[in-house]
file data_35.cif (mmCIF, C-alpha atoms)
data_my_file
#
loop_
_atom_site.group_PDB
_atom_site.id
_atom_site.type_symbol
_atom_site.label_atom_id
_atom_site.label_comp_id
_atom_site.auth_asym_id
_atom_site.auth_seq_id
_atom_site.Cartn_x
_atom_site.Cartn_y
_atom_site.Cartn_z
ATOM 1 C CA MET E 1 115.252 177.820 45.797
ATOM 2 C CA LYS E 2 116.425 174.834 43.826
ATOM 3 C CA TRP E 3 120.059 173.812 43.522
ATOM 4 C CA TRP E 4 120.326 175.019 39.967
ATOM 5 C CA HIS E 5 119.156 178.510 40.903
ATOM 6 C CA PHE E 6 122.308 178.750 43.025
ATOM 7 C CA ALA E 7 124.406 177.327 40.192
ATOM 8 C CA LEU E 8 122.971 179.851 37.741
ATOM 9 C CA ILE E 9 123.597 182.745 40.132
ATOM 10 C CA ALA E 10 127.169 181.494 40.643
ATOM 11 C CA SER E 11 127.659 181.443 36.844
ATOM 12 C CA LEU E 12 126.316 185.005 36.555
ATOM 13 C CA LEU E 13 128.689 186.125 39.336
ATOM 14 C CA LEU E 14 131.512 184.428 37.457
ATOM 15 C CA ALA E 15 130.559 186.357 34.296
ATOM 16 C CA ALA E 16 130.619 189.572 36.341
ATOM 17 C CA LEU E 17 134.296 188.890 37.070
ATOM 18 C CA SER E 18 135.096 189.022 33.351
ATOM 19 C CA PRO E 19 136.873 192.426 33.455
ATOM 20 C CA LEU E 20 139.558 190.689 35.555
ATOM 21 C CA ALA E 21 140.370 188.264 32.721
ATOM 22 C CA SER E 22 143.843 188.315 31.187
ATOM 23 C CA SER E 23 143.877 190.403 28.027
ATOM 24 C CA SER E 24 146.882 188.556 26.576
ATOM 25 C CA PRO E 25 146.275 186.752 23.272
ATOM 26 C CA ASP E 26 145.082 183.153 23.652
ATOM 27 C CA GLY E 27 147.080 180.108 22.553
ATOM 28 C CA LEU E 28 145.971 180.135 18.918
ATOM 29 C CA GLU E 29 146.254 183.915 18.555
ATOM 30 C CA LYS E 30 149.768 183.851 20.017
ATOM 31 C CA VAL E 31 150.854 181.033 17.690
ATOM 32 C CA ALA E 32 149.409 182.944 14.720
ATOM 33 C CA GLU E 33 151.214 186.103 15.830
ATOM 34 C CA ASN E 34 154.569 184.353 16.392
ATOM 35 C CA HIS E 35 154.445 182.477 13.101
ATOM 36 C CA GLY E 36 153.178 185.272 10.928
ATOM 37 C CA PHE E 37 149.685 184.221 9.927
ATOM 38 C CA LEU E 38 147.624 186.407 12.277
ATOM 39 C CA GLY E 39 147.248 188.896 9.414
ATOM 40 C CA GLN E 40 145.208 186.372 7.424
ATOM 41 C CA ALA E 41 142.336 186.700 9.910
ATOM 42 C CA HIS E 42 139.230 188.502 8.645
ATOM 43 C CA SER E 43 136.949 190.356 10.981
ATOM 44 C CA ALA E 44 133.313 189.339 11.123
ATOM 45 C CA PRO E 45 130.960 190.605 8.390
ATOM 46 C CA PHE E 46 128.593 191.892 11.087
ATOM 47 C CA GLN E 47 128.973 192.816 14.740
ATOM 48 C CA VAL E 48 126.455 192.331 17.519
ATOM 49 C CA ILE E 49 128.338 192.416 20.833
ATOM 50 C CA ALA E 50 131.773 192.020 19.273
ATOM 51 C CA ASP E 51 134.594 190.917 21.583
ATOM 52 C CA TYR E 52 132.273 190.898 24.589
ATOM 53 C CA VAL E 53 132.017 194.682 24.661
ATOM 54 C CA PHE E 54 128.414 195.848 24.957
ATOM 55 C CA PRO E 55 127.984 198.607 22.375
ATOM 56 C CA GLY E 56 127.236 202.173 23.444
ATOM 57 C CA ILE E 57 128.699 201.927 26.936
ATOM 58 C CA LYS E 58 131.876 203.910 27.512
ATOM 59 C CA ASN E 59 133.028 202.202 30.696
ATOM 60 C CA GLU E 60 134.933 199.178 29.429
ATOM 61 C CA ALA E 61 134.541 197.056 32.567
ATOM 62 C CA LEU E 62 130.821 197.736 32.737
ATOM 63 C CA SER E 63 130.274 196.917 29.061
ATOM 64 C CA THR E 64 132.152 193.613 29.465
ATOM 65 C CA ILE E 65 130.141 192.727 32.572
ATOM 66 C CA LEU E 66 126.894 193.478 30.742
ATOM 67 C CA ALA E 67 127.941 191.361 27.761
ATOM 68 C CA GLY E 68 128.902 188.542 30.117
ATOM 69 C CA LEU E 69 125.653 188.645 32.089
ATOM 70 C CA LEU E 70 123.567 188.822 28.937
ATOM 71 C CA GLY E 71 125.441 185.959 27.287
ATOM 72 C CA THR E 72 125.295 183.750 30.373
ATOM 73 C CA ALA E 73 121.560 184.294 30.851
ATOM 74 C CA LEU E 74 120.903 183.806 27.143
ATOM 75 C CA ILE E 75 122.909 180.607 26.814
ATOM 76 C CA PHE E 76 121.195 179.210 29.919
ATOM 77 C CA GLY E 77 117.794 179.927 28.387
ATOM 78 C CA VAL E 78 118.688 178.497 24.993
ATOM 79 C CA VAL E 79 120.199 175.244 26.278
ATOM 80 C CA TYR E 80 117.537 174.751 28.970
ATOM 81 C CA GLY E 81 114.857 175.311 26.326
ATOM 82 C CA LEU E 82 116.538 172.987 23.855
ATOM 83 C CA ALA E 83 116.946 170.221 26.437
ATOM 84 C CA TRP E 84 113.299 170.692 27.492
ATOM 85 C CA LEU E 85 112.134 170.464 23.868
ATOM 86 C CA ILE E 86 114.198 167.321 23.230
ATOM 87 C CA LYS E 87 112.812 165.778 26.410
ATOM 88 C CA ARG E 88 109.257 166.750 25.498
ATOM 89 C CA ARG E 89 109.546 165.209 22.054
ATOM 90 C CA ARG E 90 110.617 161.921 23.576
ATOM 91 C CA SER E 91 107.742 161.933 26.053
ATOM 92 C CA GLY E 92 105.368 162.493 23.155
ATOM 93 C CA GLN E 93 106.821 159.597 21.181
ATOM 94 C CA ALA E 94 106.845 157.245 24.134
ATOM 95 C CA GLY E 95 103.042 157.449 24.541
ATOM 96 C CA MET B 96 141.287 178.473 20.454
ATOM 97 C CA HIS B 97 138.351 179.932 18.554
ATOM 98 C CA ILE B 98 139.525 180.048 14.932
ATOM 99 C CA PRO B 99 138.703 183.344 13.173
ATOM 100 C CA ASP B 100 137.729 183.496 9.502
ATOM 101 C CA GLY B 101 140.573 183.664 7.017
ATOM 102 C CA PHE B 102 142.722 180.836 8.396
ATOM 103 C CA LEU B 103 140.883 177.894 6.824
ATOM 104 C CA ASN B 104 140.520 177.012 3.152
ATOM 105 C CA VAL B 105 137.227 176.134 1.457
ATOM 106 C CA ALA B 106 137.756 172.357 1.611
ATOM 107 C CA THR B 107 138.426 172.457 5.369
ATOM 108 C CA VAL B 108 135.467 174.759 5.985
ATOM 109 C CA ALA B 109 133.141 172.464 4.025
ATOM 110 C CA THR B 110 134.440 169.244 5.599
ATOM 111 C CA THR B 111 134.293 170.505 9.188
ATOM 112 C CA TYR B 112 130.806 172.002 8.669
ATOM 113 C CA ALA B 113 129.541 168.681 7.304
ATOM 114 C CA VAL B 114 131.077 166.607 10.110
ATOM 115 C CA SER B 115 129.903 169.019 12.820
ATOM 116 C CA ALA B 116 126.365 169.247 11.442
ATOM 117 C CA GLY B 117 126.188 165.449 11.362
ATOM 118 C CA GLY B 118 127.606 165.298 14.879
ATOM 119 C CA ILE B 119 125.045 167.759 16.249
ATOM 120 C CA GLY B 120 122.211 165.871 14.555
ATOM 121 C CA TYR B 121 123.358 162.616 16.094
ATOM 122 C CA ALA B 122 123.885 164.301 19.481
ATOM 123 C CA VAL B 123 120.240 165.470 19.469
ATOM 124 C CA LYS B 124 119.143 161.859 18.852
ATOM 125 C CA GLU B 125 121.334 160.481 21.620
ATOM 126 C CA VAL B 126 120.259 163.157 24.115
ATOM 127 C CA ASN B 127 116.649 162.485 23.144
ATOM 128 C CA LYS B 128 117.126 158.829 24.137
ATOM 129 C CA LYS B 129 119.109 159.278 27.329
ATOM 130 C CA LEU B 130 118.340 162.604 28.963
ATOM 131 C CA LYS B 131 116.541 162.396 32.304
ATOM 132 C CA GLU B 132 114.151 165.059 33.516
ATOM 133 C CA LYS B 133 116.393 166.189 36.379
ATOM 134 C CA GLN B 134 119.232 166.686 33.880
ATOM 135 C CA VAL B 135 117.379 169.410 31.922
ATOM 136 C CA PRO B 136 118.343 172.225 34.338
ATOM 137 C CA LEU B 137 121.867 170.769 34.616
ATOM 138 C CA MET B 138 122.261 171.131 30.829
ATOM 139 C CA GLY B 139 121.295 174.811 31.029
ATOM 140 C CA VAL B 140 123.410 175.571 34.073
ATOM 141 C CA LEU B 141 126.479 173.819 32.657
ATOM 142 C CA ALA B 142 126.164 175.787 29.422
ATOM 143 C CA ALA B 143 125.853 179.036 31.404
ATOM 144 C CA PHE B 144 128.870 178.136 33.554
ATOM 145 C CA ILE B 145 130.964 177.183 30.516
ATOM 146 C CA PHE B 146 130.084 180.414 28.709
ATOM 147 C CA ALA B 147 130.954 182.529 31.759
ATOM 148 C CA ALA B 148 134.167 180.597 32.474
ATOM 149 C CA GLN B 149 135.276 180.941 28.842
ATOM 150 C CA MET B 150 135.308 184.716 29.291
ATOM 151 C CA LEU B 151 137.840 184.416 32.116
ATOM 152 C CA ASN B 152 141.197 184.104 30.394
ATOM 153 C CA PHE B 153 143.976 183.154 32.773
ATOM 154 C CA PRO B 154 147.612 184.064 32.043
ATOM 155 C CA VAL B 155 149.866 181.180 31.000
ATOM 156 C CA VAL B 156 153.468 181.987 29.962
ATOM 157 C CA GLY B 157 155.159 184.534 27.740
ATOM 158 C CA GLY B 158 152.220 186.873 27.331
ATOM 159 C CA THR B 159 149.769 184.134 26.386
ATOM 160 C CA SER B 160 146.440 183.420 28.009
ATOM 161 C CA GLY B 161 144.070 180.507 28.015
ATOM 162 C CA HIS B 162 140.560 179.796 29.152
ATOM 163 C CA LEU B 163 138.460 176.812 30.101
ATOM 164 C CA ILE B 164 136.840 174.846 27.284
ATOM 165 C CA GLY B 165 134.605 172.929 29.689
ATOM 166 C CA ALA B 166 133.838 170.042 27.332
ATOM 167 C CA THR B 167 135.293 167.386 29.642
ATOM 168 C CA LEU B 168 133.409 168.707 32.664
ATOM 169 C CA ALA B 169 130.136 168.517 30.736
ATOM 170 C CA ALA B 170 131.003 165.083 29.276
ATOM 171 C CA ILE B 171 131.738 163.598 32.710
ATOM 172 C CA LEU B 172 128.512 164.938 34.233
ATOM 173 C CA LEU B 173 126.122 164.349 31.323
ATOM 174 C CA GLY B 174 127.877 162.100 28.818
ATOM 175 C CA PRO B 175 129.784 163.081 25.667
ATOM 176 C CA TRP B 176 126.759 163.562 23.389
ATOM 177 C CA ALA B 177 124.999 165.965 25.758
ATOM 178 C CA ALA B 178 128.348 167.718 26.166
ATOM 179 C CA ALA B 179 128.663 168.027 22.387
ATOM 180 C CA LEU B 180 125.251 169.678 22.266
ATOM 181 C CA ILE B 181 126.069 172.087 25.107
ATOM 182 C CA MET B 182 129.428 173.020 23.547
ATOM 183 C CA SER B 183 127.831 173.556 20.124
ATOM 184 C CA CYS B 184 125.235 175.931 21.590
ATOM 185 C CA VAL B 185 127.940 177.895 23.429
ATOM 186 C CA LEU B 186 130.137 178.091 20.310
ATOM 187 C CA ILE B 187 127.239 179.115 18.045
ATOM 188 C CA ALA B 188 126.217 181.889 20.472
ATOM 189 C CA GLN B 189 129.834 183.071 20.783
ATOM 190 C CA CYS B 190 130.149 183.191 17.007
ATOM 191 C CA LEU B 191 126.810 184.818 16.132
ATOM 192 C CA ILE B 192 126.486 187.290 19.009
ATOM 193 C CA PHE B 193 129.985 187.950 20.313
ATOM 194 C CA GLN B 194 132.006 187.541 17.091
ATOM 195 C CA ASP B 195 134.266 185.106 18.927
ATOM 196 C CA GLY B 196 135.300 182.575 16.300
ATOM 197 C CA GLY B 197 134.605 183.061 12.613
ATOM 198 C CA LEU B 198 131.346 182.340 10.826
ATOM 199 C CA LEU B 199 133.060 180.113 8.246
ATOM 200 C CA ALA B 200 135.286 178.619 10.938
ATOM 201 C CA LEU B 201 132.278 177.699 13.111
ATOM 202 C CA GLY B 202 132.209 174.140 11.783
ATOM 203 C CA ALA B 203 135.862 173.651 12.701
ATOM 204 C CA ASN B 204 135.401 175.252 16.125
ATOM 205 C CA VAL B 205 132.414 172.995 16.861
ATOM 206 C CA PHE B 206 134.430 170.003 15.639
ATOM 207 C CA ASN B 207 137.492 170.808 17.794
ATOM 208 C CA MET B 208 135.861 172.014 21.001
ATOM 209 C CA GLY B 209 132.409 170.441 20.675
ATOM 210 C CA ILE B 210 133.250 166.971 19.377
ATOM 211 C CA VAL B 211 136.977 166.170 19.728
ATOM 212 C CA ALA B 212 137.266 167.728 23.207
ATOM 213 C CA PRO B 213 134.293 166.073 24.966
ATOM 214 C CA PHE B 214 134.909 162.612 23.483
ATOM 215 C CA CYS B 215 138.630 162.676 24.133
ATOM 216 C CA GLY B 216 138.105 163.983 27.676
ATOM 217 C CA TYR B 217 135.403 161.408 28.373
ATOM 218 C CA PHE B 218 137.516 158.542 27.040
ATOM 219 C CA LEU B 219 140.529 159.498 29.180
ATOM 220 C CA TYR B 220 138.276 159.942 32.221
ATOM 221 C CA LYS B 221 136.710 156.511 31.735
ATOM 222 C CA LEU B 222 140.103 154.935 31.096
ATOM 223 C CA THR B 223 141.508 156.418 34.323
ATOM 224 C CA THR B 224 138.570 155.421 36.511
ATOM 225 C CA SER B 225 138.622 151.889 35.129
ATOM 226 C CA LEU B 226 142.364 151.569 35.718
ATOM 227 C CA LEU B 227 142.354 153.111 39.214
ATOM 228 C CA GLY B 228 138.982 151.816 40.347
ATOM 229 C CA ASP B 229 135.933 154.030 40.729
ATOM 230 C CA SER B 230 136.425 156.251 43.750
ATOM 231 C CA ARG B 231 136.129 159.926 44.556
ATOM 232 C CA LYS B 232 139.865 160.355 44.117
ATOM 233 C CA SER B 233 140.121 158.471 40.839
ATOM 234 C CA ARG B 234 137.201 160.472 39.426
ATOM 235 C CA LEU B 235 139.031 163.724 40.191
ATOM 236 C CA ILE B 236 142.305 162.399 38.761
ATOM 237 C CA GLY B 237 140.464 161.071 35.706
ATOM 238 C CA GLY B 238 138.652 164.381 35.302
ATOM 239 C CA SER B 239 141.927 166.306 35.381
ATOM 240 C CA ILE B 240 143.693 163.999 32.942
ATOM 241 C CA GLY B 241 140.652 164.000 30.650
ATOM 242 C CA ALA B 242 140.421 167.796 30.758
ATOM 243 C CA TRP B 243 144.118 168.210 30.018
ATOM 244 C CA GLY B 244 144.005 165.699 27.158
ATOM 245 C CA SER B 245 140.859 167.273 25.698
ATOM 246 C CA VAL B 246 142.597 170.649 25.343
ATOM 247 C CA LEU B 247 145.693 169.074 23.817
ATOM 248 C CA LEU B 248 143.711 166.978 21.311
ATOM 249 C CA ALA B 249 141.450 169.902 20.358
ATOM 250 C CA ALA B 250 144.587 171.996 19.753
ATOM 251 C CA ILE B 251 146.093 169.240 17.590
ATOM 252 C CA ALA B 252 142.843 169.046 15.585
ATOM 253 C CA CYS B 253 143.013 172.823 15.180
ATOM 254 C CA ALA B 254 146.672 172.634 14.085
ATOM 255 C CA ILE B 255 145.825 169.947 11.512
ATOM 256 C CA GLU B 256 143.063 172.143 10.065
ATOM 257 C CA LEU B 257 145.441 175.119 9.870
ATOM 258 C CA ALA B 258 148.172 173.034 8.223
ATOM 259 C CA VAL B 259 145.802 171.403 5.720
ATOM 260 C CA SER B 260 144.499 174.881 4.867
ATOM 261 C CA GLY B 261 148.036 176.115 4.265
ATOM 262 C CA ALA B 262 147.815 178.832 6.929
ATOM 263 C CA SER B 263 151.065 177.582 8.433
ATOM 264 C CA PRO B 264 153.427 174.656 7.711
ATOM 265 C CA TRP B 265 152.875 171.369 9.610
ATOM 266 C CA ALA B 266 156.323 171.463 11.221
ATOM 267 C CA VAL B 267 155.588 174.894 12.680
ATOM 268 C CA VAL B 268 151.954 174.871 13.683
ATOM 269 C CA LEU B 269 151.710 171.356 15.122
ATOM 270 C CA PRO B 270 154.432 171.686 17.788
ATOM 271 C CA ALA B 271 153.519 175.330 18.500
ATOM 272 C CA MET B 272 149.827 174.618 19.069
ATOM 273 C CA SER B 273 150.350 171.437 21.090
ATOM 274 C CA GLY B 274 153.133 173.006 23.173
ATOM 275 C CA ILE B 275 151.176 176.023 24.380
ATOM 276 C CA HIS B 276 147.951 174.033 24.846
ATOM 277 C CA ALA B 277 149.719 171.365 26.899
ATOM 278 C CA LEU B 278 150.241 174.246 29.358
ATOM 279 C CA ILE B 279 146.759 175.763 28.983
ATOM 280 C CA GLY B 280 145.396 172.250 29.578
ATOM 281 C CA ILE B 281 146.828 172.272 33.112
ATOM 282 C CA GLY B 282 144.442 175.143 33.893
ATOM 283 C CA GLU B 283 141.606 173.153 32.328
ATOM 284 C CA GLY B 284 142.520 170.170 34.540
ATOM 285 C CA LEU B 285 142.574 172.249 37.735
ATOM 286 C CA ILE B 286 139.282 174.049 37.001
ATOM 287 C CA THR B 287 137.572 170.791 35.979
ATOM 288 C CA ALA B 288 138.710 169.031 39.175
ATOM 289 C CA ALA B 289 137.560 172.004 41.281
ATOM 290 C CA ALA B 290 134.135 172.075 39.601
ATOM 291 C CA LEU B 291 133.767 168.298 39.984
ATOM 292 C CA SER B 292 134.627 168.578 43.703
ATOM 293 C CA VAL B 293 131.859 171.146 44.151
ATOM 294 C CA VAL B 294 129.343 168.876 42.393
ATOM 295 C CA MET B 295 130.500 165.925 44.489
ATOM 296 C CA ALA B 296 130.123 167.883 47.724
ATOM 297 C CA THR B 297 126.724 169.377 46.923
ATOM 298 C CA ARG B 298 124.839 167.254 44.415
ATOM 299 C CA ALA B 299 126.536 163.870 44.181
ATOM 300 C CA ASP B 300 123.211 162.382 43.041
ATOM 301 C CA LEU B 301 123.476 164.263 39.753
ATOM 302 C CA TRP B 302 126.667 162.410 39.093
ATOM 303 C CA GLN B 303 125.424 158.909 39.887
ATOM 304 C CA LEU B 304 128.134 157.761 42.248
ATOM 305 C CA PRO B 305 127.845 154.047 42.940
ATOM 306 C CA LYS B 306 126.448 153.268 46.392
ATOM 307 C CA SER B 307 129.677 151.900 47.818
ATOM 308 C CA VAL B 308 131.539 155.012 46.771
ATOM 309 C CA LYS B 309 128.839 157.227 48.244
ATOM 310 C CA ARG B 310 129.062 155.487 51.591
ATOM 311 C CA SER B 311 132.810 155.315 51.936
ATOM 312 C CA GLU B 312 134.018 158.397 50.126
ATOM 313 C CA VAL B 313 131.382 161.105 49.955
#
call {"tool": "encode", "arguments": {"input": "data_35.cif", "output": "structure tokens"}}
result
Amino acid sequence: MKWWHFALIASLLLAALSPLASSSPDGLEKVAENHGFLGQAHSAPFQVIADYVFPGIKNEALSTILAGLLGTALIFGVVYGLAWLIKRRRSGQAG
Amino acid sequence: MHIPDGFLNVATVATTYAVSAGGIGYAVKEVNKKLKEKQVPLMGVLAAFIFAAQMLNFPVVGGTSGHLIGATLAAILLGPWAAALIMSCVLIAQCLIFQDGGLLALGANVFNMGIVAPFCGYFLYKLTTSLLGDSRKSRLIGGSIGAWGSVLLAAIACAIELAVSGASPWAVVLPAMSGIHALIGIGEGLITAAALSVVMATRADLWQLPKSVKRSEV
């Protein structure tokens, strides 16, 4: 196994801890709430895995874990692929 | 501090989209020039770590929570342009798939957390290590200061956008946003220093420590 396999597994384990996260509003949300502009927020015009809750799964912790694992794996793939493509383009140009 | 839709006016949405799109385009060029082959997996892993860590809100004070941004960590390990690209990918995925941060506000979120945060964090990190001398300790101190400052500056950028948009008056939103994020930034500093220590202990070569530092400190 390469070092980054361990790092990726560690990130996935971290995502699996997501049900333990604080559910309090974040800094911006709290400021908006305290100063009366939270109501101006619109919800998204479409929902995929809104608010990190995997749709169709009743157990809240499980649905959050699934959303976290999926997102972590997906973002790894996207950024790895993008970096690989950028690198490949340069190699092509250098020749 | 993912801004939802509804807070920003059209002018702010348009301006931040334009600046962020330009920034991402330039970041691709810079990464194209500088990225090394062994850094390709590091880009992916850092993005995965940042996404996962952003889900883990930690409590701050008075019923408020915060989470890692991660821009400074990425900027220190890969440079600010690669960090900008990583942050943009994370923010775009959060917006499109997880409805975290508004579609119209995406440009502002990329600007605050994908451009302001990594560059500010990187600058403070570099400033600290050049003032204190490059050592293991000064890198961790610089990383913490950079991480803290990156959260504060991103929050100020966010407050400016909100004030310009008329969501909230300057005198209210600027102190409120910087006050709470000065606290959230402490968490960012601690997590960034912890992550940097792990990299230093396991894969110092990814972080190009100078030889003298490697011998005496690592």
call {"tool": "atom_distance", "arguments": {"input": "data_35.cif", "atom1": "atom CA of B:Asn204", "atom2": "atom CA of B:Ser239"}}
result
22.2 Å
call {"tool": "closest_residue", "arguments": {"input": "data_35.cif", "among": "B:Leu141, B:Leu130, B:Leu291, B:Ala122", "to": "E:Leu8", "atoms": "all atoms listed in the file"}}
result
B:Leu141
call {"tool": "resolve_selection", "arguments": {"input": "data_35.cif", "expression": "the PyMOL selection byres ((chain B) within 8 of (chain E))", "output": "ChimeraX atom specification"}}
result
/B:96-102,123,126-128,130-132,135-140,142-144,146-148,150-154,158-162,181,184-185,188,191-195,197-198,262-263,267-268,271-272,275-276,279
call {"tool": "atom_distance", "arguments": {"input": "data_35.cif", "atom1": "atom CA of B:Leu172", "atom2": "atom CA of B:Ser225"}}
result
16.5 Å
call {"tool": "closest_residue", "arguments": {"input": "data_35.cif", "among": "B:Leu163, B:Val114, B:Leu248, B:Ala203", "to": "B:Ile286", "atoms": "only C-alpha atoms"}}
result
B:Leu163
call {"tool": "resolve_selection", "arguments": {"input": "data_35.cif", "expression": "the PyMOL selection byres ((chain B and resi 296-298) around 12)", "output": "list in words"}}
result
Lys2, Trp3, Trp4, Phe6 and Ala7 of chain E; Lys133, Gln134, Leu137, Leu172, Arg231, Ala289, Ala290, Leu291, Ser292, Val293, Val294, Met295, Ala299, Asp300, Leu301, Trp302, Gln303, Leu304, Lys309, Glu312 and Val313 of chain B
call {"tool": "atom_distance", "arguments": {"input": "data_35.cif", "atom1": "atom CA of B:Val246", "atom2": "atom CA of B:Gly216"}}
result
8.4 Å
call {"tool": "residues_near_point", "arguments": {"input": "data_35.cif", "point": "(135.6, 168.3, 20.4)", "cutoff": "10 Å", "atoms": "all atoms listed in the file", "output": "list in words"}}
result
Ser115, Ile164, Ala166, Thr167, Pro175, Ala178, Ala179, Met182, Ser183, Ala203, Asn204, Val205, Phe206, Asn207, Met208, Gly209, Ile210, Val211, Ala212, Pro213, Phe214, Cys215, Gly216, Ser245, Val246, Leu248, Ala249, Ala250 and Ala252 of chain B
